[in-house]
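Colleague: Got coords39.txt for you, compact mmCIF, C-alpha atoms:
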```txt
# COMPACT_ATOMS: atom_id res chain seq x y z
CA MET A 1 -125.50 57.61 -22.20
CA ILE A 2 -123.30 56.31 -19.35
CA ASN A 3 -124.11 52.93 -17.91
CA ARG A 4 -124.63 53.61 -14.19
CA ALA A 5 -123.34 50.17 -13.30
CA SER A 6 -119.99 51.03 -14.84
CA ALA A 7 -119.74 54.54 -13.33
CA PRO A 8 -117.79 53.48 -10.18
CA GLY A 9 -115.28 51.60 -12.31
CA MET A 10 -114.93 54.58 -14.61
CA ARG A 11 -114.37 56.91 -11.65
CA MET A 12 -111.70 54.58 -10.29
CA ARG A 13 -109.91 54.53 -13.63
CA LEU A 14 -109.97 58.33 -13.83
CA ILE A 15 -108.69 58.65 -10.25
CA SER A 16 -105.92 56.13 -10.96
CA ALA A 17 -104.88 57.98 -14.12
CA LEU A 18 -104.77 61.34 -12.33
CA ALA A 19 -102.82 59.80 -9.46
CA ALA A 20 -100.30 58.27 -11.85
CA LEU A 21 -99.85 61.61 -13.59
CA CYS A 22 -99.43 63.47 -10.31
CA CYS A 23 -96.96 60.87 -9.04
CA GLY A 24 -95.06 61.17 -12.28
CA GLN A 25 -94.82 64.94 -11.89
CA ALA A 26 -93.69 64.52 -8.31
CA ALA A 27 -91.15 61.82 -9.23
CA GLY A 28 -89.42 63.78 -11.97
CA ALA A 29 -89.33 66.88 -14.12
CA HIS A 30 -91.93 67.70 -16.70
CA ASP A 31 -91.82 69.97 -19.74
CA PHE A 32 -94.81 71.85 -21.09
CA GLY A 33 -94.87 73.79 -24.35
CA LEU A 34 -97.52 75.91 -25.99
CA THR A 35 -97.41 77.31 -29.54
CA TYR A 36 -99.94 79.67 -31.08
CA THR A 37 -99.84 80.21 -34.85
CA SER A 38 -101.99 82.86 -36.51
CA GLU A 39 -102.06 83.15 -40.28
CA LEU A 40 -103.76 85.65 -42.59
CA GLN A 41 -104.23 84.40 -46.16
CA ALA A 42 -105.26 86.33 -49.28
CA GLY A 43 -105.36 85.89 -53.05
CA LEU A 44 -105.68 88.16 -56.06
CA SER A 45 -109.44 88.36 -55.48
CA ASP A 46 -111.05 90.12 -52.53
CA ARG A 47 -111.22 86.89 -50.49
CA ALA A 48 -109.20 86.51 -47.29
CA ARG A 49 -108.99 83.91 -44.55
CA TRP A 50 -107.75 83.91 -40.97
CA VAL A 51 -106.43 80.57 -39.70
CA ASN A 52 -105.44 79.92 -36.09
CA LEU A 53 -103.67 76.90 -34.61
CA LEU A 54 -103.00 76.20 -30.94
CA GLN A 55 -100.63 73.34 -30.06
CA THR A 56 -99.64 71.99 -26.65
CA ASP A 57 -96.96 69.45 -25.76
CA LEU A 58 -96.35 67.81 -22.41
CA THR A 59 -93.57 65.45 -21.33
CA VAL A 60 -93.68 63.95 -17.85
CA ARG A 61 -90.55 62.16 -16.62
CA LEU A 62 -91.45 59.12 -14.51
CA ASN A 63 -87.82 58.01 -14.16
CA ASP A 64 -84.69 57.87 -16.30
CA ASN A 65 -86.26 55.44 -18.76
CA TRP A 66 -90.01 56.11 -18.77
CA HIS A 67 -91.78 59.25 -19.98
CA VAL A 68 -95.44 60.10 -20.54
CA LEU A 69 -96.07 62.19 -23.67
CA ALA A 70 -99.16 64.19 -24.57
CA GLY A 71 -99.93 66.72 -27.29
CA THR A 72 -103.05 68.48 -28.57
CA VAL A 73 -104.07 70.66 -31.51
CA SER A 74 -106.96 73.12 -31.85
CA LEU A 75 -107.71 74.66 -35.23
CA CYS A 76 -110.06 77.47 -36.26
CA SER A 77 -110.47 79.40 -39.52
CA THR A 78 -112.91 82.07 -40.64
CA ASP A 79 -113.56 80.18 -43.89
CA GLU A 80 -112.90 76.48 -44.48
CA LYS A 81 -112.59 77.04 -48.25
CA PRO A 82 -108.95 77.68 -49.27
CA ILE A 83 -107.83 80.74 -51.19
CA ILE A 84 -107.02 78.54 -54.16
CA ASN A 85 -108.00 74.92 -54.71
CA ASP A 86 -104.70 73.07 -54.74
CA LEU A 87 -103.57 69.47 -54.35
CA LEU A 88 -100.40 69.96 -52.29
CA THR A 89 -101.85 72.32 -49.63
CA TYR A 90 -100.09 75.69 -49.60
CA SER A 91 -100.50 76.07 -45.81
CA ASN A 92 -99.27 73.32 -43.51
CA ILE A 93 -101.51 74.44 -40.63
CA ASP A 94 -104.72 74.42 -42.68
CA GLY A 95 -107.60 72.05 -42.08
CA GLU A 96 -111.15 71.81 -40.83
CA ASN A 97 -112.21 73.53 -37.61
CA ILE A 98 -111.26 71.34 -34.65
CA THR A 99 -112.01 72.27 -31.06
CA LEU A 100 -109.52 69.82 -29.57
CA ALA A 101 -107.70 66.80 -30.94
CA LEU A 102 -104.86 64.61 -29.72
CA SER A 103 -101.63 64.69 -31.69
CA ARG A 104 -99.82 62.40 -29.24
CA ALA A 105 -100.75 60.51 -26.08
CA GLY A 106 -98.78 57.58 -24.77
CA ILE A 107 -95.68 56.35 -23.02
CA ARG A 108 -92.07 56.26 -24.17
CA TYR A 109 -89.33 53.93 -23.00
CA SER A 110 -85.67 54.89 -23.58
CA LEU A 111 -82.61 52.73 -23.03
CA ARG A 112 -79.19 53.83 -24.29
CA ASN A 113 -79.61 54.08 -28.10
CA TRP A 114 -83.19 52.80 -28.20
CA GLU A 115 -86.55 54.54 -27.90
CA ILE A 116 -89.98 52.89 -28.09
CA PHE A 117 -93.28 54.75 -27.99
CA ALA A 118 -96.76 53.21 -27.70
CA GLY A 119 -100.03 55.10 -27.88
CA VAL A 120 -101.62 57.76 -30.07
CA GLY A 121 -99.15 59.27 -32.51
CA ASN A 122 -98.70 60.64 -36.01
CA ILE A 123 -96.08 60.31 -38.70
CA ASN A 124 -95.31 64.03 -39.06
CA ASP A 125 -93.13 64.64 -36.01
CA ALA A 126 -91.89 61.04 -35.93
CA PHE A 127 -90.56 60.94 -39.50
CA PHE A 128 -90.74 64.17 -41.50
CA VAL A 129 -90.28 67.27 -39.35
CA THR A 130 -86.90 69.02 -39.47
CA PRO A 131 -86.08 72.72 -38.89
CA VAL A 132 -85.89 73.24 -42.67
CA THR A 133 -89.02 71.31 -43.67
CA SER A 134 -91.04 73.08 -40.97
CA PHE A 135 -89.71 76.45 -42.16
CA PHE A 136 -91.55 76.25 -45.48
CA THR A 137 -95.31 76.76 -45.25
CA ASN A 138 -96.34 74.35 -48.03
CA SER A 139 -97.21 71.07 -46.32
CA SER A 140 -95.57 68.96 -49.05
CA CYS A 141 -92.15 70.30 -48.09
CA GLY A 142 -92.47 68.00 -45.08
CA LEU A 143 -94.64 64.94 -45.53
CA VAL A 144 -94.07 63.97 -49.18
CA PRO A 145 -97.07 63.89 -51.57
CA ALA A 146 -96.70 60.19 -52.44
CA VAL A 147 -97.59 59.46 -48.81
CA ALA A 148 -99.79 62.40 -47.77
CA CYS A 149 -102.03 62.40 -50.85
CA ASN A 150 -102.60 58.66 -51.14
CA PHE A 151 -103.33 57.34 -47.65
CA ALA A 152 -105.92 58.45 -45.07
CA ILE A 153 -103.38 57.90 -42.30
CA ALA A 154 -102.17 59.51 -39.05
CA ASN A 155 -101.26 62.78 -40.75
CA TYR A 156 -101.95 66.22 -39.23
CA PRO A 157 -104.47 66.95 -37.84
CA ASP A 158 -105.28 63.23 -37.54
CA ALA A 159 -103.56 60.66 -35.36
CA SER A 160 -103.98 56.97 -34.58
CA LEU A 161 -102.88 54.21 -32.25
CA GLY A 162 -99.52 52.70 -33.02
CA ILE A 163 -96.04 51.69 -31.93
CA GLU A 164 -92.93 53.67 -32.90
CA GLY A 165 -89.31 52.57 -32.54
CA GLN A 166 -86.06 54.45 -32.99
CA TYR A 167 -82.40 53.40 -32.86
CA THR A 168 -79.57 55.98 -32.93
CA THR A 169 -75.89 55.35 -33.28
CA GLY A 170 -73.63 58.31 -33.96
CA PRO A 171 -75.00 60.30 -36.93
CA LEU A 172 -77.29 57.45 -38.05
CA THR A 173 -80.91 57.06 -36.92
CA ALA A 174 -83.31 54.31 -37.96
CA ASN A 175 -87.05 54.71 -37.38
CA ALA A 176 -89.91 52.27 -37.80
CA ALA A 177 -93.58 52.37 -36.85
CA VAL A 178 -96.86 50.54 -37.26
CA TYR A 179 -100.17 52.42 -36.97
CA ASN A 180 -103.84 51.76 -37.44
CA GLY A 181 -104.44 52.10 -41.17
CA LYS A 182 -106.52 55.27 -40.86
CA GLY A 183 -106.13 58.42 -38.77
CA TYR A 184 -108.82 60.25 -36.80
CA HIS A 185 -109.17 63.30 -34.59
CA GLY A 186 -112.41 62.71 -32.65
CA PHE A 187 -112.98 61.25 -29.21
CA ALA A 188 -116.08 59.13 -29.84
CA GLY A 189 -117.85 57.09 -32.48
CA ARG A 190 -116.47 56.19 -35.89
CA ASP A 191 -114.00 59.11 -35.75
CA CYS A 192 -112.43 58.13 -32.40
CA VAL A 193 -108.66 58.57 -32.33
CA PHE A 194 -108.38 55.52 -30.04
CA ARG A 195 -110.01 53.30 -32.65
CA PHE A 196 -107.90 50.29 -33.59
CA CYS A 197 -109.59 48.20 -36.24
CA PRO A 198 -107.14 46.70 -38.76
CA ALA A 199 -109.91 44.48 -40.13
CA SER A 200 -111.58 47.48 -41.78
CA ASP A 201 -108.96 50.25 -41.52
CA GLY A 202 -105.96 48.13 -42.44
CA ILE A 203 -102.41 48.62 -41.19
CA PHE A 204 -99.95 51.36 -42.07
CA SER A 205 -96.26 50.59 -41.60
CA ILE A 206 -93.37 52.96 -42.23
CA GLY A 207 -89.60 52.88 -41.93
CA ALA A 208 -86.83 55.42 -42.54
CA VAL A 209 -83.09 55.88 -42.20
CA ASN A 210 -81.62 59.29 -41.44
CA PHE A 211 -77.99 60.40 -41.57
CA GLN A 212 -76.88 63.78 -40.18
CA SER A 213 -73.39 65.24 -40.34
CA ASN A 214 -72.10 68.84 -40.27
CA ASP A 215 -75.68 70.19 -40.49
CA ASN A 216 -76.32 68.03 -43.56
CA ASN A 217 -79.38 65.81 -43.44
CA TYR A 218 -80.04 62.77 -45.64
CA ASN A 219 -83.24 60.79 -45.28
CA MET A 220 -84.81 57.92 -47.14
CA GLY A 221 -87.70 55.64 -46.32
CA PHE A 222 -90.66 53.59 -47.44
CA CYS A 223 -94.19 52.76 -46.30
CA LEU A 224 -96.78 50.04 -46.86
CA SER A 225 -100.53 50.45 -46.54
CA GLY A 226 -103.31 47.89 -46.90
CA LEU A 227 -104.75 44.62 -45.59
CA GLY A 228 -108.08 46.14 -44.48
CA SER A 229 -111.41 45.15 -45.99
CA GLY A 230 -112.34 48.77 -46.68
CA SER A 231 -115.70 50.53 -46.84
CA GLU A 232 -117.51 53.37 -48.55
CA ASP A 233 -116.16 55.71 -45.86
CA ASP A 234 -112.62 55.04 -47.06
CA ARG A 235 -113.42 56.71 -50.34
CA ASP A 236 -115.15 59.69 -48.72
CA GLN A 237 -112.20 60.52 -46.44
CA ASN A 238 -109.50 60.44 -49.13
CA LEU A 239 -109.78 62.84 -52.04
CA PHE A 240 -107.52 60.94 -54.37
CA ARG A 241 -108.51 57.29 -53.87
CA GLU A 242 -111.56 56.42 -55.94
CA ALA A 243 -111.18 52.68 -56.37
CA GLU A 244 -114.29 50.52 -56.37
CA LYS A 245 -115.49 49.21 -53.01
CA ALA A 246 -114.77 45.65 -54.01
CA ASP A 247 -111.11 46.48 -54.65
CA LEU A 248 -110.43 48.52 -51.50
CA GLY A 249 -107.93 46.90 -49.17
CA LYS A 250 -107.26 43.89 -51.44
CA THR A 251 -103.82 45.13 -52.40
CA ILE A 252 -100.90 46.49 -50.44
CA GLU A 253 -99.74 49.85 -51.73
CA ALA A 254 -96.15 50.98 -51.30
CA ALA A 255 -94.42 54.34 -51.46
CA PHE A 256 -90.83 55.46 -50.97
CA TRP A 257 -88.98 58.75 -50.76
CA ALA A 258 -85.58 60.40 -50.45
CA TYR A 259 -84.86 63.82 -48.96
CA ILE A 260 -81.65 65.85 -48.56
CA GLU A 261 -80.51 69.05 -46.88
CA GLN A 262 -77.02 69.77 -48.19
CA ARG A 263 -74.94 72.72 -46.98
CA LEU A 264 -73.54 74.61 -49.97
CA ILE A 265 -71.66 77.54 -48.47
CA CYS A 266 -71.81 79.24 -45.07
CA ASP A 267 -75.46 78.94 -44.03
CA MET A 268 -76.91 78.27 -47.47
CA PHE A 269 -78.51 74.86 -47.99
CA LEU A 270 -79.81 72.92 -50.96
CA VAL A 271 -83.03 71.07 -50.15
CA ALA A 272 -84.58 68.46 -52.43
CA HIS A 273 -86.95 65.51 -52.34
CA LEU A 274 -88.17 62.68 -54.54
CA SER A 275 -91.17 60.48 -53.77
CA GLU A 276 -92.80 57.62 -55.67
CA CYS A 277 -95.92 55.49 -55.25
CA PRO A 278 -95.95 53.27 -58.34
CA THR A 279 -98.72 50.98 -57.06
CA VAL A 280 -101.43 53.60 -56.56
CA ARG A 281 -104.45 53.34 -58.85
CA SER A 282 -105.84 56.82 -58.19
CA GLY A 283 -103.63 59.41 -56.55
CA CYS A 284 -100.10 60.81 -56.62
CA ARG A 285 -97.68 58.64 -58.61
CA HIS A 286 -94.53 60.68 -58.05
CA SER A 287 -93.25 64.08 -56.99
CA ALA A 288 -89.96 65.98 -57.01
CA GLY A 289 -88.92 69.28 -55.53
CA ALA A 290 -85.84 71.42 -54.98
CA GLY A 291 -85.01 74.75 -53.40
CA LEU A 292 -82.64 76.86 -51.35
CA TYR A 293 -82.70 77.73 -47.67
CA TYR A 294 -80.63 80.43 -45.94
CA ARG A 295 -80.29 81.41 -42.28
CA SER A 296 -78.36 84.19 -40.59
CA GLY A 297 -79.05 85.19 -37.02
CA ARG A 298 -82.70 86.17 -36.73
CA HIS A 299 -83.25 85.94 -40.48
CA GLU A 300 -84.31 82.93 -42.56
CA ALA A 301 -85.26 82.84 -46.21
CA GLY A 302 -86.12 80.16 -48.72
CA VAL A 303 -87.47 79.31 -52.13
CA TYR A 304 -88.88 75.95 -53.09
CA SER A 305 -90.47 74.52 -56.23
CA GLN A 306 -92.07 71.12 -56.62
CA TYR A 307 -93.99 69.11 -59.17
CA ALA A 308 -96.39 66.27 -58.42
CA ALA A 309 -97.91 63.94 -61.03
CA PHE A 310 -101.32 62.44 -60.24
CA THR A 311 -103.11 59.70 -62.14
CA ASP A 312 -105.60 62.24 -63.51
CA SER A 313 -103.93 65.61 -62.85
CA TYR A 314 -100.72 67.41 -61.94
CA GLU A 315 -99.58 70.35 -59.87
CA CYS A 316 -96.60 72.68 -59.81
CA ALA A 317 -96.26 74.57 -56.52
CA ASN A 318 -93.73 77.34 -55.88
CA GLU A 319 -93.00 79.14 -52.63
CA LEU A 320 -90.95 82.20 -51.72
CA THR A 321 -90.80 82.92 -48.01
CA TYR A 322 -88.91 84.89 -45.35
CA LYS A 323 -88.97 84.62 -41.56
CA TYR A 324 -87.82 87.11 -38.94
CA SER A 325 -87.47 86.04 -35.30
CA ILE A 326 -88.39 89.05 -33.20
CA THR A 327 -87.38 87.16 -30.08
CA GLY A 328 -86.60 83.54 -29.37
CA ASN A 329 -90.35 82.93 -28.93
CA ILE A 330 -92.00 85.26 -31.47
CA SER A 331 -91.59 85.29 -35.24
CA LEU A 332 -93.22 86.76 -38.34
CA GLN A 333 -93.19 85.00 -41.71
CA PRO A 334 -94.68 86.22 -45.01
CA ALA A 335 -94.89 83.75 -47.91
CA LEU A 336 -95.97 83.92 -51.54
CA HIS A 337 -97.19 80.82 -53.41
CA TYR A 338 -97.74 80.39 -57.12
CA ILE A 339 -99.76 77.27 -57.91
CA ARG A 340 -100.59 75.75 -61.26
CA ASN A 341 -102.56 72.58 -61.85
CA LYS A 342 -104.91 71.03 -64.39
CA GLU A 343 -107.88 73.10 -63.19
CA LYS A 344 -106.42 76.55 -62.56
CA GLN A 345 -103.45 78.69 -61.67
CA GLY A 346 -103.00 81.57 -59.28
CA PHE A 347 -101.32 83.14 -56.27
CA ALA A 348 -101.85 82.69 -52.57
CA ALA A 349 -100.14 85.02 -50.12
CA LEU A 350 -99.96 84.65 -46.36
CA ILE A 351 -98.35 86.17 -43.33
CA ARG A 352 -97.82 83.98 -40.30
CA ALA A 353 -97.15 84.96 -36.70
CA VAL A 354 -95.91 82.34 -34.23
CA ILE A 355 -95.74 82.68 -30.45
CA SER A 356 -94.26 79.84 -28.42
CA LEU A 357 -93.93 79.44 -24.67
```
Take the structure from the file and write it as structure tokens.

Modeller:
Amino acid sequence: MINRASAPGMRMRLISALAALCCGQAAGAHDFGLTYTSELQAGLSDRARWVNLLQTDLTVRLNDNWHVLAGTVSLCSTDEKPIINDLLTYSNIDGENITLALSRAGIRYSLRNWEIFAGVGNINDAFFVTPVTSFFTNSSCGLVPAVACNFAIANYPDASLGIEGQYTTGPLTANAAVYNGKGYHGFAGRDCVFRFCPASDGIFSIGAVNFQSNDNNYNMGFCLSGLGSGSEDDRDQNLFREAEKADLGKTIEAAFWAYIEQRLICDMFLVAHLSECPTVRSGCRHSAGAGLYYRSGRHEAGVYSQYAAFTDSYECANELTYKYSITGNISLQPALHYIRNKEKQGFAALIRAVISL
């Protein structure tokens, strides 16, 4: 219920925000992008799923140094239960049904080699997305399992308030960020994406160094999570952390990773990653993966295999995929996954269509 006494103030804030946005559009250029991803999934049984993702991205240039950034995601599937119960998530667009959620909303300041962003953000596009990692459909080919599986952080489709910084000099880029310790995708209540409560949620900090040369990409980084008091909700929102309530937040957990994309010959690349989280009490201790990626004109193909060791389980995930770009904005991509873990093994096949504007 809205407090009537505060309604005029609220209206003024909304009018001011709209005026600032309109002035920003009038003062400089703005870029708007829309991407629709539709994916049909099936297994060896008669079950099938249809997953749909709509993403929008907006950049408004206020002047040469200041930009307003905004991004949203909407997710819908015919069945929230996956084709096969896996730990590493065979589809990187999968998730619960979400009408609308923010992936990014804030302001960026750029000056020569520096960039600073403050607002709602997530670690996917800031630290882990490259053309090769986003080509594979298994989510662990991007955000490494030692981070994604252990921390209930600003990871797709969730986001959280934070500050991101980036420094670039020649082929070297250094990134660092601090976020609220947990990610959300709602707009009100306990699940509000604007929630900033380090006392209970803790703080998540991350840093990485990236070197790119001649299409080769070398990345390494680390993250720290902790300092919050914790609650029963912390356990419910993270599948792999089952520590007692009294122990939650009393320790700082650390993880690190290394990732490479190395050109072998022509347009053939070796891709590999290694991630470790030696401090985790219940979750993913380490993972390793390697594969090949090839591109030629409108054609892309890849194979990737990875193994992740958990404190009480394991998983080996393999992917074979091919992508054909019909135009610069439309593509089709079939993929076949073979997954084996402590509970079961099986196949998951999908075909993905992407339309971007």

Colleague: To one decimal in Å, tell me the separation between atom CA of Ser282 of chain A and atom CA of Gly142 of chain A.

Modeller: 21.8 Å

Colleague: Distance cut-off 8 Å, centre (-95.4, 55.5, -49.3) in file coordinates, counting only C-alpha atoms: which residues qualify? Return them as a count of residues only.

Modeller: 15

Colleague: Can you work out the spacing between atom CA of Thr37 of chain A and atom CA of Gly121 of chain A in Å, to one decimal?

Modeller: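 If I compute the distance from atom CA of Thr37 of chain A to atom CA of Gly121 of chain A, I get 21.1 Å.
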
Colleague: Can you work out the spacing between atom CA of Ile351 of chain A and atom CA of Ala126 of chain A in Å, to one decimal?

Modeller: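 Result for atom CA of Ile351 of chain A versus atom CA of Ala126 of chain A: 27.0 Å, one decimal.
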
Colleague: Residues within 12 Å of (-113.4, 63.6, -31.7), file coordinates, counting only C-alpha atoms: what are they? Give the list as a list in words.

Modeller: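 All residues meeting the 12 Å criterion around (-113.4, 63.6, -31.7) are Thr72, Val73, Ser74, Asn97, Ile98, Thr99, Leu100, Ala101, Leu102, Ser103, Pro157, Asp158, Ala159, Ser160, Gly183, Tyr184, His185, Gly186, Phe187, Ala188, Gly189, Arg190, Asp191, Cys192, Val193, Phe194 and Arg195 of chain A.
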
Colleague: Of the candidates A:Ile330, A:Cys316, A:Val51, A:Val271, which one gets nearest to Tyr259 of chain A if we count only C-alpha atoms?

Modeller: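 Ranking A:Ile330, A:Cys316, A:Val51, A:Val271 by distance to Tyr259 of chain A, first place goes to A:Val271.
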
Colleague: Go through A:Leu58, A:Ala258, A:Ala148, A:Ile123 one by one, measure the shortest atom-to-atom distance of each to Ala105 of chain A using all atoms listed in the file, and give the residue with the smallest value.

Modeller: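 Among A:Leu58, A:Ala258, A:Ala148, A:Ile123, it is A:Leu58 that comes nearest to Ala105 of chain A.
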
Colleague: Please identify all polymer residues within 8 Å of Thr56 of chain A, counting all atoms listed in the file, omitting same-chain residues fewer than 5 positions from it, and present them as an MDAnalysis selection string.

Modeller: chainID A and resid 32:35 71:73

Colleague: Using all atoms listed in the file for the distances, tell me which of A:Phe136, A:Phe269, A:Tyr156, A:Phe211 is nearest to Thr168 of chain A.

Modeller: A:Phe211

Colleague: Need the shell around Leu161 of chain A: protein/DNA/RNA residues with any atom at most 6 Å away, counting all atoms listed in the file. Skip same-chain ones fewer than 4 positions apart. Format as number ranges by chain?

Modeller: A: 119-120, 179-180

Colleague: Find, counting all atoms listed in the file, the residue in A:Ala272, A:Leu143, A:Val60, A:Ala349 that gets nearest to Ile260 of chain A.

Modeller: A:Ala272

Colleague: Within 8 Å of Gly43 of chain A, counting only C-alpha atoms, which residues show up once you throw out same-chain ones fewer than 3 positions away? Write them as a list of chain:residue names, please.

Modeller: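 These residues fall inside the cut-off: A:Asp46, A:Arg47, A:Ala48, A:Ile83, A:Ile84, A:Gly346, A:Phe347, A:Ala348, A:Ala349.
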
Colleague: Using C-alpha atoms, can you export the residues from the last selection as a CSV table (one decimal), keeping the file's coordinate frame?

Modeller:
```csv
chain,number,residue,atom,x,y,z
A,46,ASP,CA,-111.0,90.1,-52.5
A,47,ARG,CA,-111.2,86.9,-50.5
A,48,ALA,CA,-109.2,86.5,-47.3
A,83,ILE,CA,-107.8,80.7,-51.2
A,84,ILE,CA,-107.0,78.5,-54.2
A,346,GLY,CA,-103.0,81.6,-59.3
A,347,PHE,CA,-101.3,83.1,-56.3
A,348,ALA,CA,-101.8,82.7,-52.6
A,349,ALA,CA,-100.1,85.0,-50.1
```

Colleague: For Val178 of chain A, please output as a PyMOL selection string all residues within 9 Å (counting only C-alpha atoms; exclusion window: fewer than 3 positions along the same chain).

Modeller: chain A and resi 161-164+181+203-207

Colleague: With only C-alpha atoms as the atoms that count, which of A:Thr251, A:Thr327, A:Ser305, A:Asn219 lies nearest to Ser287 of chain A?

Modeller: A:Ser305

Colleague: Can you list, as a PyMOL selection string, every protein, DNA or RNA residue that comes within 8 Å of Arg352 of chain A when you count only C-alpha atoms, leaving out same-chain residues fewer than 2 positions away?

Modeller: chain A and resi 37-40+332-334+350+354
